[in-house]
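What follows is model_0.cif (mmCIF, C-alpha atoms and all ligand atoms).
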data_data
#
loop_
_atom_site.label_atom_id
_atom_site.label_comp_id
_atom_site.auth_asym_id
_atom_site.auth_seq_id
_atom_site.Cartn_x
_atom_site.Cartn_y
_atom_site.Cartn_z
CA THR A 1 92.57 94.52 121.63
CA LEU A 2 93.62 95.30 118.10
CA HIS A 3 92.16 93.41 115.16
CA ALA A 4 93.21 92.75 111.59
CA GLY A 5 90.33 92.48 109.14
CA ILE A 6 90.47 90.01 106.26
CA VAL A 7 89.03 91.45 103.06
CA GLY A 8 89.04 90.58 99.38
CA LEU A 9 86.75 90.09 96.42
CA PRO A 10 84.48 87.01 96.34
CA ASN A 11 86.13 83.65 95.48
CA VAL A 12 89.69 84.68 96.23
CA GLY A 13 90.02 82.24 99.15
CA LYS A 14 89.10 84.38 102.16
CA SER A 15 86.83 81.80 103.83
CA THR A 16 89.35 79.05 103.20
CA LEU A 17 92.06 81.14 104.83
CA PHE A 18 89.82 82.23 107.68
CA ASN A 19 88.86 78.59 108.31
CA ALA A 20 92.55 77.78 108.58
CA ILE A 21 92.85 80.56 111.14
CA THR A 22 89.98 79.33 113.30
CA GLN A 23 91.18 75.71 112.96
CA ALA A 24 94.65 76.70 114.11
CA GLY A 25 92.92 78.95 116.59
CA ALA A 26 93.73 79.39 120.23
CA GLU A 27 90.15 80.06 121.30
CA ALA A 28 87.73 77.71 123.04
CA ALA A 29 90.03 76.23 125.69
CA ASN A 30 91.74 79.51 126.52
CA TYR A 31 88.69 81.72 126.50
CA PRO A 32 86.11 79.71 128.45
CA PHE A 33 84.17 82.75 129.62
CA CYS A 34 83.91 84.67 126.39
CA THR A 35 81.51 84.21 123.59
CA ILE A 36 83.64 84.50 120.55
CA ASP A 37 82.08 86.07 117.54
CA PRO A 38 82.13 83.48 114.72
CA ASN A 39 83.77 86.10 112.53
CA VAL A 40 86.72 86.47 114.88
CA GLY A 41 89.66 84.06 114.91
CA ILE A 42 92.27 84.23 117.65
CA VAL A 43 95.62 82.62 116.89
CA HIS A 44 98.97 82.21 118.61
CA VAL A 45 101.82 84.27 117.27
CA PRO A 46 104.55 81.75 116.42
CA ASP A 47 107.75 82.77 118.20
CA SER A 48 110.75 80.45 118.40
CA ARG A 49 112.14 82.46 121.33
CA LEU A 50 109.45 80.99 123.59
CA GLY A 51 110.75 77.46 123.09
CA VAL A 52 114.32 78.55 123.76
CA LEU A 53 113.31 80.30 126.98
CA ALA A 54 111.24 77.33 128.09
CA ASP A 55 114.20 74.97 127.59
CA MET A 56 116.20 77.17 129.94
CA VAL A 57 113.59 77.93 132.59
CA HIS A 58 111.46 74.74 132.53
CA PRO A 59 108.20 76.50 133.32
CA ASP A 60 104.87 74.80 134.08
CA ARG A 61 103.38 76.42 131.01
CA ILE A 62 104.21 78.46 127.96
CA VAL A 63 101.85 81.25 126.93
CA PRO A 64 102.33 82.73 123.44
CA ALA A 65 101.05 86.10 122.28
CA THR A 66 97.87 86.11 120.24
CA VAL A 67 96.53 88.07 117.35
CA GLU A 68 92.90 88.50 116.31
CA PHE A 69 91.55 88.33 112.79
CA VAL A 70 88.08 89.36 111.69
CA ASP A 71 86.50 87.85 108.61
CA ILE A 72 84.97 90.67 106.60
CA ALA A 73 83.36 88.80 103.74
CA GLY A 74 81.22 90.38 101.11
CA LEU A 75 83.14 93.39 99.96
CA VAL A 76 82.24 93.80 96.29
CA LYS A 77 82.55 96.36 93.58
CA GLY A 78 80.03 99.10 94.26
CA ALA A 79 80.12 98.61 98.03
CA SER A 80 80.54 102.31 98.66
CA LYS A 81 77.31 102.92 96.74
CA GLY A 82 75.53 100.58 99.12
CA GLU A 83 75.30 97.69 96.68
CA GLY A 84 75.25 94.15 98.05
CA LEU A 85 75.14 95.20 101.69
CA GLY A 86 78.32 97.07 100.85
CA ASN A 87 78.03 99.79 103.42
CA LYS A 88 77.73 97.26 106.21
CA PHE A 89 81.04 95.73 105.19
CA LEU A 90 82.71 99.08 104.97
CA SER A 91 81.56 99.82 108.50
CA HIS A 92 83.18 96.55 109.62
CA ILE A 93 86.42 97.68 108.04
CA ARG A 94 86.10 100.93 109.95
CA GLU A 95 86.33 98.95 113.19
CA VAL A 96 89.56 97.08 112.45
CA ASP A 97 93.06 98.43 113.03
CA ALA A 98 94.72 96.90 109.98
CA ILE A 99 93.68 95.21 106.75
CA VAL A 100 94.77 91.88 105.30
CA HIS A 101 93.77 91.95 101.65
CA VAL A 102 93.55 88.46 100.16
CA VAL A 103 94.35 88.58 96.45
CA ARG A 104 93.71 85.70 94.10
CA CYS A 105 96.95 84.59 92.48
CA PHE A 106 95.92 81.09 91.40
CA ASP A 107 94.41 79.84 88.17
CA ASP A 108 91.64 77.29 88.56
CA SER A 109 88.99 76.99 85.88
CA ASN A 110 86.67 75.42 88.46
CA VAL A 111 86.69 78.53 90.60
CA ILE A 112 84.86 81.37 88.90
CA HIS A 113 86.41 84.80 89.18
CA VAL A 114 83.82 87.55 89.68
CA GLU A 115 85.49 89.63 86.97
CA GLY A 116 86.03 86.74 84.57
CA ASN A 117 89.81 86.33 84.84
CA VAL A 118 92.62 86.51 87.38
CA ASP A 119 94.12 90.00 87.54
CA PRO A 120 95.61 91.02 90.89
CA LYS A 121 96.20 94.64 89.88
CA ARG A 122 92.57 95.15 88.91
CA ASP A 123 91.38 93.36 92.07
CA ILE A 124 93.56 95.47 94.34
CA GLU A 125 92.40 98.65 92.62
CA THR A 126 88.77 97.57 92.87
CA ILE A 127 88.92 97.14 96.64
CA GLN A 128 91.06 100.23 97.09
CA LEU A 129 88.57 102.28 95.08
CA GLU A 130 85.71 101.24 97.35
CA LEU A 131 87.66 102.34 100.41
CA ILE A 132 88.61 105.61 98.75
CA LEU A 133 85.03 106.37 97.65
CA ALA A 134 83.82 105.78 101.20
CA ASP A 135 86.57 108.10 102.48
CA LEU A 136 85.69 110.73 99.93
CA GLU A 137 82.16 110.73 101.23
CA SER A 138 83.34 111.06 104.85
CA ILE A 139 85.52 114.07 104.17
CA GLU A 140 83.29 116.03 101.80
CA LYS A 141 80.82 117.12 104.47
CA ARG A 142 83.62 117.91 106.84
CA LEU A 143 85.41 119.98 104.23
CA GLU A 144 82.26 122.06 103.65
CA LYS A 145 81.98 122.66 107.39
CA SER A 146 85.56 123.70 107.91
CA GLU A 147 85.46 125.95 104.84
CA LYS A 148 82.47 127.73 106.40
CA LEU A 149 84.37 128.07 109.68
CA LEU A 150 87.34 129.53 107.87
CA LYS A 151 85.14 132.04 106.03
CA SER A 152 83.55 133.11 109.29
CA GLY A 153 87.01 134.05 110.52
CA ASP A 154 88.09 130.93 112.43
CA LYS A 155 91.81 130.83 111.55
CA LYS A 156 92.26 127.45 113.19
CA ALA A 157 90.16 125.88 110.45
CA HIS A 158 92.90 126.73 107.95
CA VAL A 159 95.02 123.62 108.57
CA GLU A 160 91.99 121.37 108.40
CA VAL A 161 90.79 122.89 105.12
CA GLU A 162 94.24 122.37 103.60
CA LEU A 163 94.45 118.81 104.85
CA LEU A 164 91.00 117.86 103.61
CA THR A 165 91.65 119.49 100.26
CA LYS A 166 94.90 117.56 99.90
CA LEU A 167 93.06 114.33 100.74
CA LYS A 168 90.25 115.07 98.33
CA GLU A 169 92.73 115.63 95.51
CA ALA A 170 94.44 112.34 96.32
CA PHE A 171 91.13 110.46 96.41
CA ASP A 172 90.10 111.99 93.10
CA GLU A 173 93.27 110.52 91.62
CA GLY A 174 92.51 107.12 93.17
CA LYS A 175 95.29 107.42 95.77
CA ALA A 176 94.88 106.04 99.28
CA ALA A 177 95.23 108.30 102.33
CA ARG A 178 98.11 106.13 103.53
CA SER A 179 100.16 107.04 100.46
CA LEU A 180 100.50 110.72 101.51
CA SER A 181 102.74 112.17 104.22
CA TYR A 182 101.50 114.40 107.00
CA THR A 183 102.72 116.98 109.49
CA ASP A 184 102.25 116.32 113.21
CA GLU A 185 99.45 118.85 113.28
CA GLU A 186 97.71 117.08 110.41
CA LYS A 187 98.19 113.73 112.14
CA GLU A 188 96.29 115.06 115.14
CA ILE A 189 93.36 116.04 112.94
CA LEU A 190 93.50 112.69 111.13
CA LYS A 191 92.95 110.93 114.46
CA THR A 192 89.50 112.52 114.55
CA ILE A 193 88.60 111.29 111.04
CA SER A 194 88.43 107.54 110.60
CA LEU A 195 89.67 106.95 107.07
CA LEU A 196 89.53 103.45 105.62
CA SER A 197 92.32 104.03 103.12
CA MET A 198 94.57 105.20 105.97
CA LYS A 199 94.59 101.81 107.66
CA PRO A 200 97.80 99.84 107.30
CA ILE A 201 97.44 97.02 104.79
CA LEU A 202 99.22 93.82 103.84
CA TYR A 203 98.55 91.57 100.90
CA ALA A 204 98.04 87.84 101.23
CA ALA A 205 98.78 86.49 97.75
CA ASN A 206 96.81 83.25 97.53
CA VAL A 207 98.65 80.87 95.20
CA SER A 208 98.10 77.30 94.06
CA GLU A 209 99.64 74.30 95.81
CA GLU A 210 102.12 73.90 92.95
CA ASP A 211 103.26 77.50 93.08
CA LEU A 212 103.68 77.41 96.83
CA THR A 213 106.01 74.44 96.71
CA ARG A 214 107.83 75.64 93.61
CA GLY A 215 109.07 78.49 95.80
CA GLU A 216 109.24 80.95 92.95
CA GLU A 217 106.74 83.76 92.77
CA ASN A 218 104.39 83.53 89.81
CA SER A 219 103.65 86.59 87.67
CA TYR A 220 100.48 87.36 89.67
CA VAL A 221 102.42 87.53 92.93
CA GLN A 222 105.07 89.67 91.26
CA LYS A 223 102.33 92.11 90.24
CA VAL A 224 101.06 92.25 93.83
CA ARG A 225 104.60 92.83 95.04
CA GLU A 226 105.08 95.72 92.61
CA ILE A 227 102.00 97.45 93.96
CA ALA A 228 102.93 96.70 97.56
CA THR A 229 106.46 98.05 97.15
CA GLU A 230 105.13 101.34 95.78
CA GLU A 231 103.07 101.87 98.89
CA ASN A 232 105.50 100.34 101.38
CA SER A 233 103.26 97.39 102.19
CA GLU A 234 104.18 93.77 102.71
CA VAL A 235 103.20 90.69 100.72
CA VAL A 236 102.83 87.24 102.22
CA MET A 237 102.47 84.30 99.85
CA VAL A 238 100.04 81.67 101.12
CA CYS A 239 98.11 78.76 99.73
CA ALA A 240 94.80 78.96 101.55
CA LYS A 241 93.93 75.39 100.55
CA ILE A 242 97.12 73.93 102.00
CA GLU A 243 96.88 76.15 105.07
CA SER A 244 93.44 74.80 105.84
CA GLU A 245 94.86 71.25 105.62
CA ILE A 246 97.89 72.06 107.79
CA ALA A 247 95.73 73.74 110.40
CA GLU A 248 94.04 70.42 111.12
CA LEU A 249 97.31 68.69 111.96
CA GLU A 250 99.05 68.29 115.33
CA ASP A 251 102.37 70.09 115.75
CA GLU A 252 104.60 67.09 114.92
CA GLU A 253 102.54 66.06 111.91
CA LYS A 254 102.54 69.65 110.78
CA GLN A 255 106.34 69.77 110.85
CA ALA A 256 106.59 66.55 108.82
CA PHE A 257 104.01 67.78 106.32
CA LEU A 258 105.88 71.06 105.81
CA GLU A 259 109.17 69.19 105.35
CA ASP A 260 107.53 66.98 102.73
CA LEU A 261 106.55 70.13 100.85
CA GLY A 262 110.05 71.52 101.28
CA LEU A 263 108.84 74.43 103.38
CA GLU A 264 110.35 75.78 106.58
CA GLU A 265 107.25 77.43 107.85
CA SER A 266 103.58 77.56 106.96
CA GLY A 267 102.30 80.60 105.09
CA LEU A 268 99.75 81.10 107.83
CA ASP A 269 102.48 81.44 110.45
CA ARG A 270 104.20 84.05 108.32
CA LEU A 271 100.89 85.82 107.81
CA ILE A 272 100.16 85.85 111.55
CA ARG A 273 103.54 87.37 112.32
CA ALA A 274 103.19 89.95 109.56
CA ALA A 275 99.73 90.93 110.85
CA PHE A 276 101.07 91.27 114.39
CA HIS A 277 103.72 93.62 113.08
CA LEU A 278 101.25 95.49 110.86
CA LEU A 279 99.10 96.16 113.93
CA GLY A 280 102.08 97.94 115.45
CA LEU A 281 102.51 95.31 118.14
CA MET A 282 105.58 93.81 119.78
CA THR A 283 106.40 91.31 122.47
CA PHE A 284 108.10 91.31 125.83
CA PHE A 285 108.59 88.24 127.98
CA THR A 286 108.27 87.23 131.58
CA ALA A 287 110.15 84.04 132.36
CA GLY A 288 109.80 82.17 135.64
CA PRO A 289 109.20 78.65 136.93
CA MET A 290 105.42 79.13 136.73
CA GLU A 291 105.29 80.33 133.17
CA VAL A 292 107.15 81.72 130.25
CA LYS A 293 104.85 84.23 128.66
CA ALA A 294 104.87 86.53 125.65
CA TRP A 295 103.03 89.77 126.39
CA THR A 296 101.68 92.01 123.67
CA ILE A 297 102.22 95.76 123.67
CA ARG A 298 102.19 98.50 121.08
CA ARG A 299 105.60 99.52 119.81
CA GLY A 300 106.74 102.56 121.76
CA THR A 301 105.09 101.52 125.02
CA LYS A 302 106.91 102.60 128.20
CA ALA A 303 107.73 100.32 131.11
CA PRO A 304 104.84 101.29 133.46
CA GLN A 305 102.21 100.73 130.75
CA ALA A 306 103.86 97.44 129.81
CA ALA A 307 103.60 96.46 133.47
CA GLY A 308 99.94 97.45 133.30
CA THR A 309 99.24 94.76 130.71
CA ILE A 310 100.15 92.20 133.39
CA HIS A 311 98.16 93.86 136.15
CA THR A 312 96.81 97.35 136.72
CA ASP A 313 98.46 97.30 140.19
CA PHE A 314 101.82 96.85 138.50
CA GLU A 315 101.29 100.08 136.63
CA ARG A 316 99.87 102.06 139.53
CA GLY A 317 102.65 101.01 141.92
CA PHE A 318 105.42 100.89 139.33
CA ILE A 319 108.90 101.45 140.80
CA ARG A 320 111.34 99.97 138.35
CA ALA A 321 111.73 97.33 135.70
CA GLU A 322 114.59 94.85 135.73
CA VAL A 323 115.28 94.31 132.06
CA VAL A 324 117.56 91.98 130.14
CA SER A 325 117.51 91.56 126.39
CA TYR A 326 116.56 88.17 124.99
CA SER A 327 119.98 87.66 123.41
CA ASP A 328 121.86 88.51 126.62
CA PHE A 329 119.56 86.23 128.62
CA VAL A 330 120.23 83.34 126.25
CA ALA A 331 123.97 84.02 125.91
CA MET A 332 124.45 84.16 129.69
CA GLY A 333 122.39 81.07 130.37
CA GLY A 334 119.62 82.88 132.20
CA LEU A 335 118.90 85.68 134.62
CA ASN A 336 121.65 84.97 137.16
CA GLY A 337 124.31 84.70 134.52
CA ALA A 338 123.15 87.95 132.94
CA ARG A 339 123.10 89.65 136.33
CA ASP A 340 126.70 88.51 137.05
CA LYS A 341 127.82 90.18 133.86
CA GLY A 342 125.94 93.36 134.70
CA LEU A 343 123.55 92.84 131.79
CA VAL A 344 120.38 93.22 133.82
CA ARG A 345 119.40 96.88 133.70
CA LEU A 346 117.23 98.76 136.15
CA GLU A 347 114.93 100.93 134.08
CA GLY A 348 112.58 103.70 135.22
CA LYS A 349 109.20 105.01 134.15
CA ASP A 350 110.44 106.59 130.92
CA TYR A 351 112.02 103.43 129.55
CA VAL A 352 110.63 102.51 126.13
CA MET A 353 110.29 98.75 125.91
CA ALA A 354 112.28 96.90 123.25
CA ASP A 355 111.08 93.80 121.43
CA GLY A 356 112.16 90.65 123.25
CA ASP A 357 112.93 92.33 126.57
CA ILE A 358 112.74 89.89 129.45
CA VAL A 359 111.31 91.81 132.35
CA HIS A 360 110.71 91.62 136.04
CA PHE A 361 108.67 94.52 137.40
CA ARG A 362 109.15 95.97 140.88
CA PHE A 363 106.14 97.70 142.28
CA ASN A 364 104.47 98.98 145.48
CA VAL A 365 101.14 97.52 146.45
P1 LIG A 401 85.97 83.61 99.33
O1 LIG A 401 84.75 83.88 98.56
O2 LIG A 401 87.02 84.65 99.07
O3 LIG A 401 85.74 83.38 100.77
O4 LIG A 401 86.62 82.29 98.70
P2 LIG A 401 86.59 80.77 99.23
O5 LIG A 401 87.54 80.60 100.36
O6 LIG A 401 85.18 80.35 99.45
O7 LIG A 401 87.22 80.06 97.98
C1 LIG A 401 86.56 80.06 96.73
C2 LIG A 401 86.94 78.80 96.00
O8 LIG A 401 88.34 78.83 95.70
C3 LIG A 401 86.69 77.55 96.80
O9 LIG A 401 86.19 76.57 95.91
C4 LIG A 401 88.06 77.16 97.29
O10 LIG A 401 88.19 75.76 97.46
C5 LIG A 401 88.96 77.66 96.18
N1 LIG A 401 90.28 78.00 96.71
C6 LIG A 401 90.59 78.75 97.79
N2 LIG A 401 91.91 78.81 97.98
C7 LIG A 401 92.47 78.09 96.99
C8 LIG A 401 93.81 77.76 96.61
O11 LIG A 401 94.77 78.14 97.29
N3 LIG A 401 93.97 76.98 95.50
C9 LIG A 401 92.92 76.55 94.76
N4 LIG A 401 93.12 75.80 93.68
N5 LIG A 401 91.65 76.81 95.07
C10 LIG A 401 91.42 77.57 96.17
#
Representation of the structure as structure tokens:
Amino acid sequence: TLHAGIVGLPNVGKSTLFNAITQAGAEAANYPFCTIDPNVGIVHVPDSRLGVLADMVHPDRIVPATVEFVDIAGLVKGASKGEGLGNKFLSHIREVDAIVHVVRCFDDSNVIHVEGNVDPKRDIETIQLELILADLESIEKRLEKSEKLLKSGDKKAHVEVELLTKLKEAFDEGKAARSLSYTDEEKEILKTISLLSMKPILYAANVSEEDLTRGEENSYVQKVREIATEENSEVVMVCAKIESEIAELEDEEKQAFLEDLGLEESGLDRLIRAAFHLLGLMTFFTAGPMEVKAWTIRRGTKAPQAAGTIHTDFERGFIRAEVVSYSDFVAMGGLNGARDKGLVRLEGKDYVMADGDIVHFRFNV
């Protein structure tokens, strides 16, 4: 499974946010046979389509998709030099598939900022610099090696030398690997180098209770958004403190609480969905009397591999997929209605799944 790692400087609200995640968490009951690492939080991906489908199909149970977050506390300035257990944290970041960077966007004189004052731009650059310095170290040795290969007449090393040189120049200027563009050939090489600054990132701007309910973005959040826009990343505004309170409530209470605050949705729900997307994931559904279930696949997955997430036999014996889009299913009042209108397609092994597809797989056993 893919994980999103939560990082940020000390005192920005990471633990508070992570607590909200584990409180809201899907674990325990659903994972009776796994020991869940205390640093991992598994949460449901909120998806209003599930409720709509359930109202039509009346299943025994509804199973939402999940997303996993890892708490990577302790990243500080100087981490790449091994200060404050820094290298250990960087190695944790290496293992995640995407990064959620919590940035402090609230003033509170009771909460000390490690750098003395609130400054999202500086905080983002501080973390980014640590990732870049770690990356610089990983590529330097490799660059030396491939330069030697090239000198000894290995022409194939040429592309790698150029790529690594381009990366080194970017790192020297404080630019992340994700900010450059790459040829397909370079992308293949990049797969063999695990670069921290290549990982997709989203910013969780942690604001005060007042700012969350005011609805307007404060100047700190605007700064975060400026940086995010430049690098094509997303920003989700949350109030970690409120999220941790909401996470303790039952669904109905939660709705009432949000309405009181004048909010449609909790920041955590938006963050979960954004992380799911950042991880490159999407959902298809199965809908029957037993259950309505959201299945998680990577975007671009073909029908047989999607079938394989349900059962390996489904993939091995894959014949065809009966597919109807969510909107057609709903508009036609269900599978039979959609079938009558010819809206249920028979798709073969090369079909690329679309988000929201409602699928029935046909397979040989
Ligand atoms: P971490 O070091 O990044 O894990 O930060 P914590 O989650 O431990 O939070 C540091 C301090 O900031 C704690 O005292 C929190 O109660 C406080 N804090 C976290 N989120 C918020 C928030 O949204 N608003 C305010 N006012 N304080 C917060």
Per residue of chain A within 9 Å of ligand LIG 401 (chain A), what are the shortest atom pair and its distance in Å to one decimal, counting all atoms listed in the file, with rows by chain and residue number, as JSON lines?
{"residue": "A:Val7", "atom": "CA", "partner": "A:LIG401", "partner_atom": "O2", "distance": 8.1}
{"residue": "A:Gly8", "atom": "CA", "partner": "A:LIG401", "partner_atom": "O2", "distance": 6.3}
{"residue": "A:Leu9", "atom": "CA", "partner": "A:LIG401", "partner_atom": "O2", "distance": 6.1}
{"residue": "A:Pro10", "atom": "CA", "partner": "A:LIG401", "partner_atom": "O1", "distance": 3.8}
{"residue": "A:Asn11", "atom": "CA", "partner": "A:LIG401", "partner_atom": "O1", "distance": 3.4}
{"residue": "A:Val12", "atom": "CA", "partner": "A:LIG401", "partner_atom": "O2", "distance": 3.9}
{"residue": "A:Gly13", "atom": "CA", "partner": "A:LIG401", "partner_atom": "O5", "distance": 3.2}
{"residue": "A:Lys14", "atom": "CA", "partner": "A:LIG401", "partner_atom": "O2", "distance": 3.7}
{"residue": "A:Ser15", "atom": "CA", "partner": "A:LIG401", "partner_atom": "O3", "distance": 3.6}
{"residue": "A:Thr16", "atom": "CA", "partner": "A:LIG401", "partner_atom": "O5", "distance": 3.7}
{"residue": "A:Leu17", "atom": "CA", "partner": "A:LIG401", "partner_atom": "O5", "distance": 6.4}
{"residue": "A:Phe18", "atom": "CA", "partner": "A:LIG401", "partner_atom": "O5", "distance": 7.8}
{"residue": "A:Asn19", "atom": "CA", "partner": "A:LIG401", "partner_atom": "O5", "distance": 8.3}
{"residue": "A:Ala73", "atom": "CA", "partner": "A:LIG401", "partner_atom": "O3", "distance": 6.6}
{"residue": "A:Gly74", "atom": "CA", "partner": "A:LIG401", "partner_atom": "O1", "distance": 7.8}
{"residue": "A:Val102", "atom": "CA", "partner": "A:LIG401", "partner_atom": "O2", "distance": 7.6}
{"residue": "A:Val103", "atom": "CA", "partner": "A:LIG401", "partner_atom": "O2", "distance": 8.7}
{"residue": "A:Arg104", "atom": "CA", "partner": "A:LIG401", "partner_atom": "N2", "distance": 8.1}
{"residue": "A:Cys105", "atom": "CA", "partner": "A:LIG401", "partner_atom": "O11", "distance": 8.3}
{"residue": "A:Phe106", "atom": "CA", "partner": "A:LIG401", "partner_atom": "N3", "distance": 6.1}
{"residue": "A:Asp107", "atom": "CA", "partner": "A:LIG401", "partner_atom": "N4", "distance": 7.0}
{"residue": "A:Asp108", "atom": "CA", "partner": "A:LIG401", "partner_atom": "N4", "distance": 5.5}
{"residue": "A:Ser109", "atom": "CA", "partner": "A:LIG401", "partner_atom": "N4", "distance": 8.9}
{"residue": "A:Asn110", "atom": "CA", "partner": "A:LIG401", "partner_atom": "O9", "distance": 7.6}
{"residue": "A:Val111", "atom": "CA", "partner": "A:LIG401", "partner_atom": "O8", "distance": 5.4}
{"residue": "A:Ile112", "atom": "CA", "partner": "A:LIG401", "partner_atom": "C2", "distance": 7.8}
{"residue": "A:His113", "atom": "CA", "partner": "A:LIG401", "partner_atom": "C1", "distance": 8.9}
{"residue": "A:Asn206", "atom": "CA", "partner": "A:LIG401", "partner_atom": "O11", "distance": 5.5}
{"residue": "A:Val207", "atom": "CA", "partner": "A:LIG401", "partner_atom": "O11", "distance": 5.2}
{"residue": "A:Ser208", "atom": "CA", "partner": "A:LIG401", "partner_atom": "N3", "distance": 4.4}
{"residue": "A:Glu209", "atom": "CA", "partner": "A:LIG401", "partner_atom": "N3", "distance": 6.3}
{"residue": "A:Leu212", "atom": "CA", "partner": "A:LIG401", "partner_atom": "O11", "distance": 9.0}
{"residue": "A:Val238", "atom": "CA", "partner": "A:LIG401", "partner_atom": "O11", "distance": 7.4}
{"residue": "A:Cys239", "atom": "CA", "partner": "A:LIG401", "partner_atom": "O11", "distance": 4.2}
{"residue": "A:Ala240", "atom": "CA", "partner": "A:LIG401", "partner_atom": "O11", "distance": 4.3}
{"residue": "A:Lys241", "atom": "CA", "partner": "A:LIG401", "partner_atom": "O11", "distance": 4.3}
{"residue": "A:Ile242", "atom": "CA", "partner": "A:LIG401", "partner_atom": "O11", "distance": 6.7}
{"residue": "A:Glu243", "atom": "CA", "partner": "A:LIG401", "partner_atom": "O11", "distance": 8.3}
{"residue": "A:Ser244", "atom": "CA", "partner": "A:LIG401", "partner_atom": "N2", "distance": 9.0}
Item to check | Residue nearest His277 in chain A among A:Leu202, A:Val96, A:Ala157, A:Ala20 (counting all atoms listed in the file) | outcome: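 Looking only at the distances to His277 in chain A, the closest residue turns out to be A:Leu202.
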Tell me, as an mmCIF file with C-alpha atoms, in the frame of the given file, which residues lie within 12 Å of Ile310 in chain A, counting only C-alpha atoms; anything in the same chain fewer than 3 positions away does not count.
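Result file follows (result_22.cif):
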data_model
loop_
_atom_site.group_PDB
_atom_site.id
_atom_site.type_symbol
_atom_site.label_atom_id
_atom_site.label_comp_id
_atom_site.auth_asym_id
_atom_site.auth_seq_id
_atom_site.Cartn_x
_atom_site.Cartn_y
_atom_site.Cartn_z
ATOM 1 C CA PHE A 284 108.100 91.310 125.830
ATOM 2 C CA PHE A 285 108.590 88.240 127.980
ATOM 3 C CA THR A 286 108.270 87.230 131.580
ATOM 4 C CA LYS A 293 104.850 84.230 128.660
ATOM 5 C CA ALA A 294 104.870 86.530 125.650
ATOM 6 C CA TRP A 295 103.030 89.770 126.390
ATOM 7 C CA THR A 296 101.680 92.010 123.670
ATOM 8 C CA ILE A 297 102.220 95.760 123.670
ATOM 9 C CA ALA A 303 107.730 100.320 131.110
ATOM 10 C CA PRO A 304 104.840 101.290 133.460
ATOM 11 C CA GLN A 305 102.210 100.730 130.750
ATOM 12 C CA ALA A 306 103.860 97.440 129.810
ATOM 13 C CA ALA A 307 103.600 96.460 133.470
ATOM 14 C CA ASP A 313 98.460 97.300 140.190
ATOM 15 C CA PHE A 314 101.820 96.850 138.500
ATOM 16 C CA GLU A 315 101.290 100.080 136.630
ATOM 17 C CA ARG A 316 99.870 102.060 139.530
ATOM 18 C CA PHE A 318 105.420 100.890 139.330
ATOM 19 C CA VAL A 359 111.310 91.810 132.350
ATOM 20 C CA HIS A 360 110.710 91.620 136.040
ATOM 21 C CA PHE A 361 108.670 94.520 137.400
#
Next on the checklist: Under the rule that all atoms listed in the file are counted, which of A:Glu68, A:Lys88, A:Glu160, A:Gly174 is the nearest residue to Glu125 in chain A?
Outcome noted: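 Looking at the shortest contact to Glu125 in chain A, the residue is A:Gly174.
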Next on the checklist: Please compute the CA of Val352 in chain A-CA of Val323 in chain A distance, one decimal, in Å.
Outcome noted: 11.1 Å
Next on the checklist: When you count all atoms listed in the file, which of these residues is closest to Gly308 in chain A: A:Leu50, A:Leu195, A:Lys175, A:Lys349?
Outcome noted: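 Smallest distance to Gly308 in chain A is found for A:Lys349.
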Checklist entry - Counting all atoms listed in the file, which residues come within 12 Å of (101.1, 95.5, 90.7), with the point read in the file's coordinates, and could you list them as a PyMOL selection string? => result chain A and resi 103+105+119-125+203+205+219-231+233+235
Could you save the residues just selected, with C-alpha atoms, as an mmCIF file, in the coordinates of the input?
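See selection.cif below for the written result:
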data_model
loop_
_atom_site.group_PDB
_atom_site.id
_atom_site.type_symbol
_atom_site.label_atom_id
_atom_site.label_comp_id
_atom_site.auth_asym_id
_atom_site.auth_seq_id
_atom_site.Cartn_x
_atom_site.Cartn_y
_atom_site.Cartn_z
ATOM 1 C CA VAL A 103 94.350 88.580 96.450
ATOM 2 C CA CYS A 105 96.950 84.590 92.480
ATOM 3 C CA ASP A 119 94.120 90.000 87.540
ATOM 4 C CA PRO A 120 95.610 91.020 90.890
ATOM 5 C CA LYS A 121 96.200 94.640 89.880
ATOM 6 C CA ARG A 122 92.570 95.150 88.910
ATOM 7 C CA ASP A 123 91.380 93.360 92.070
ATOM 8 C CA ILE A 124 93.560 95.470 94.340
ATOM 9 C CA GLU A 125 92.400 98.650 92.620
ATOM 10 C CA TYR A 203 98.550 91.570 100.900
ATOM 11 C CA ALA A 205 98.780 86.490 97.750
ATOM 12 C CA SER A 219 103.650 86.590 87.670
ATOM 13 C CA TYR A 220 100.480 87.360 89.670
ATOM 14 C CA VAL A 221 102.420 87.530 92.930
ATOM 15 C CA GLN A 222 105.070 89.670 91.260
ATOM 16 C CA LYS A 223 102.330 92.110 90.240
ATOM 17 C CA VAL A 224 101.060 92.250 93.830
ATOM 18 C CA ARG A 225 104.600 92.830 95.040
ATOM 19 C CA GLU A 226 105.080 95.720 92.610
ATOM 20 C CA ILE A 227 102.000 97.450 93.960
ATOM 21 C CA ALA A 228 102.930 96.700 97.560
ATOM 22 C CA THR A 229 106.460 98.050 97.150
ATOM 23 C CA GLU A 230 105.130 101.340 95.780
ATOM 24 C CA GLU A 231 103.070 101.870 98.890
ATOM 25 C CA SER A 233 103.260 97.390 102.190
ATOM 26 C CA VAL A 235 103.200 90.690 100.720
#
Next on the checklist: As an exercise, work out the distance from CA of Pro59 in chain A to CA of Ala287 in chain A in Å and give it to one decimal place.
Outcome noted: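 If I compute the distance from CA of Pro59 in chain A to CA of Ala287 in chain A, I get 7.8 Å.
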Checklist entry - Pick the closest to Ser181 in chain A from A:Arg362, A:Arg142, A:Lys151, A:Lys166: which is it, counting all atoms listed in the file? => result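 Closest candidate: A:Lys166.
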Checklist entry - Of the residues A:Met198, A:Leu53, A:Leu136, A:Leu190, which is the one nearest to Phe171 in chain A, using only C-alpha atoms? => result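 Once distances to Phe171 in chain A are computed over only C-alpha atoms, the minimum belongs to A:Leu136.
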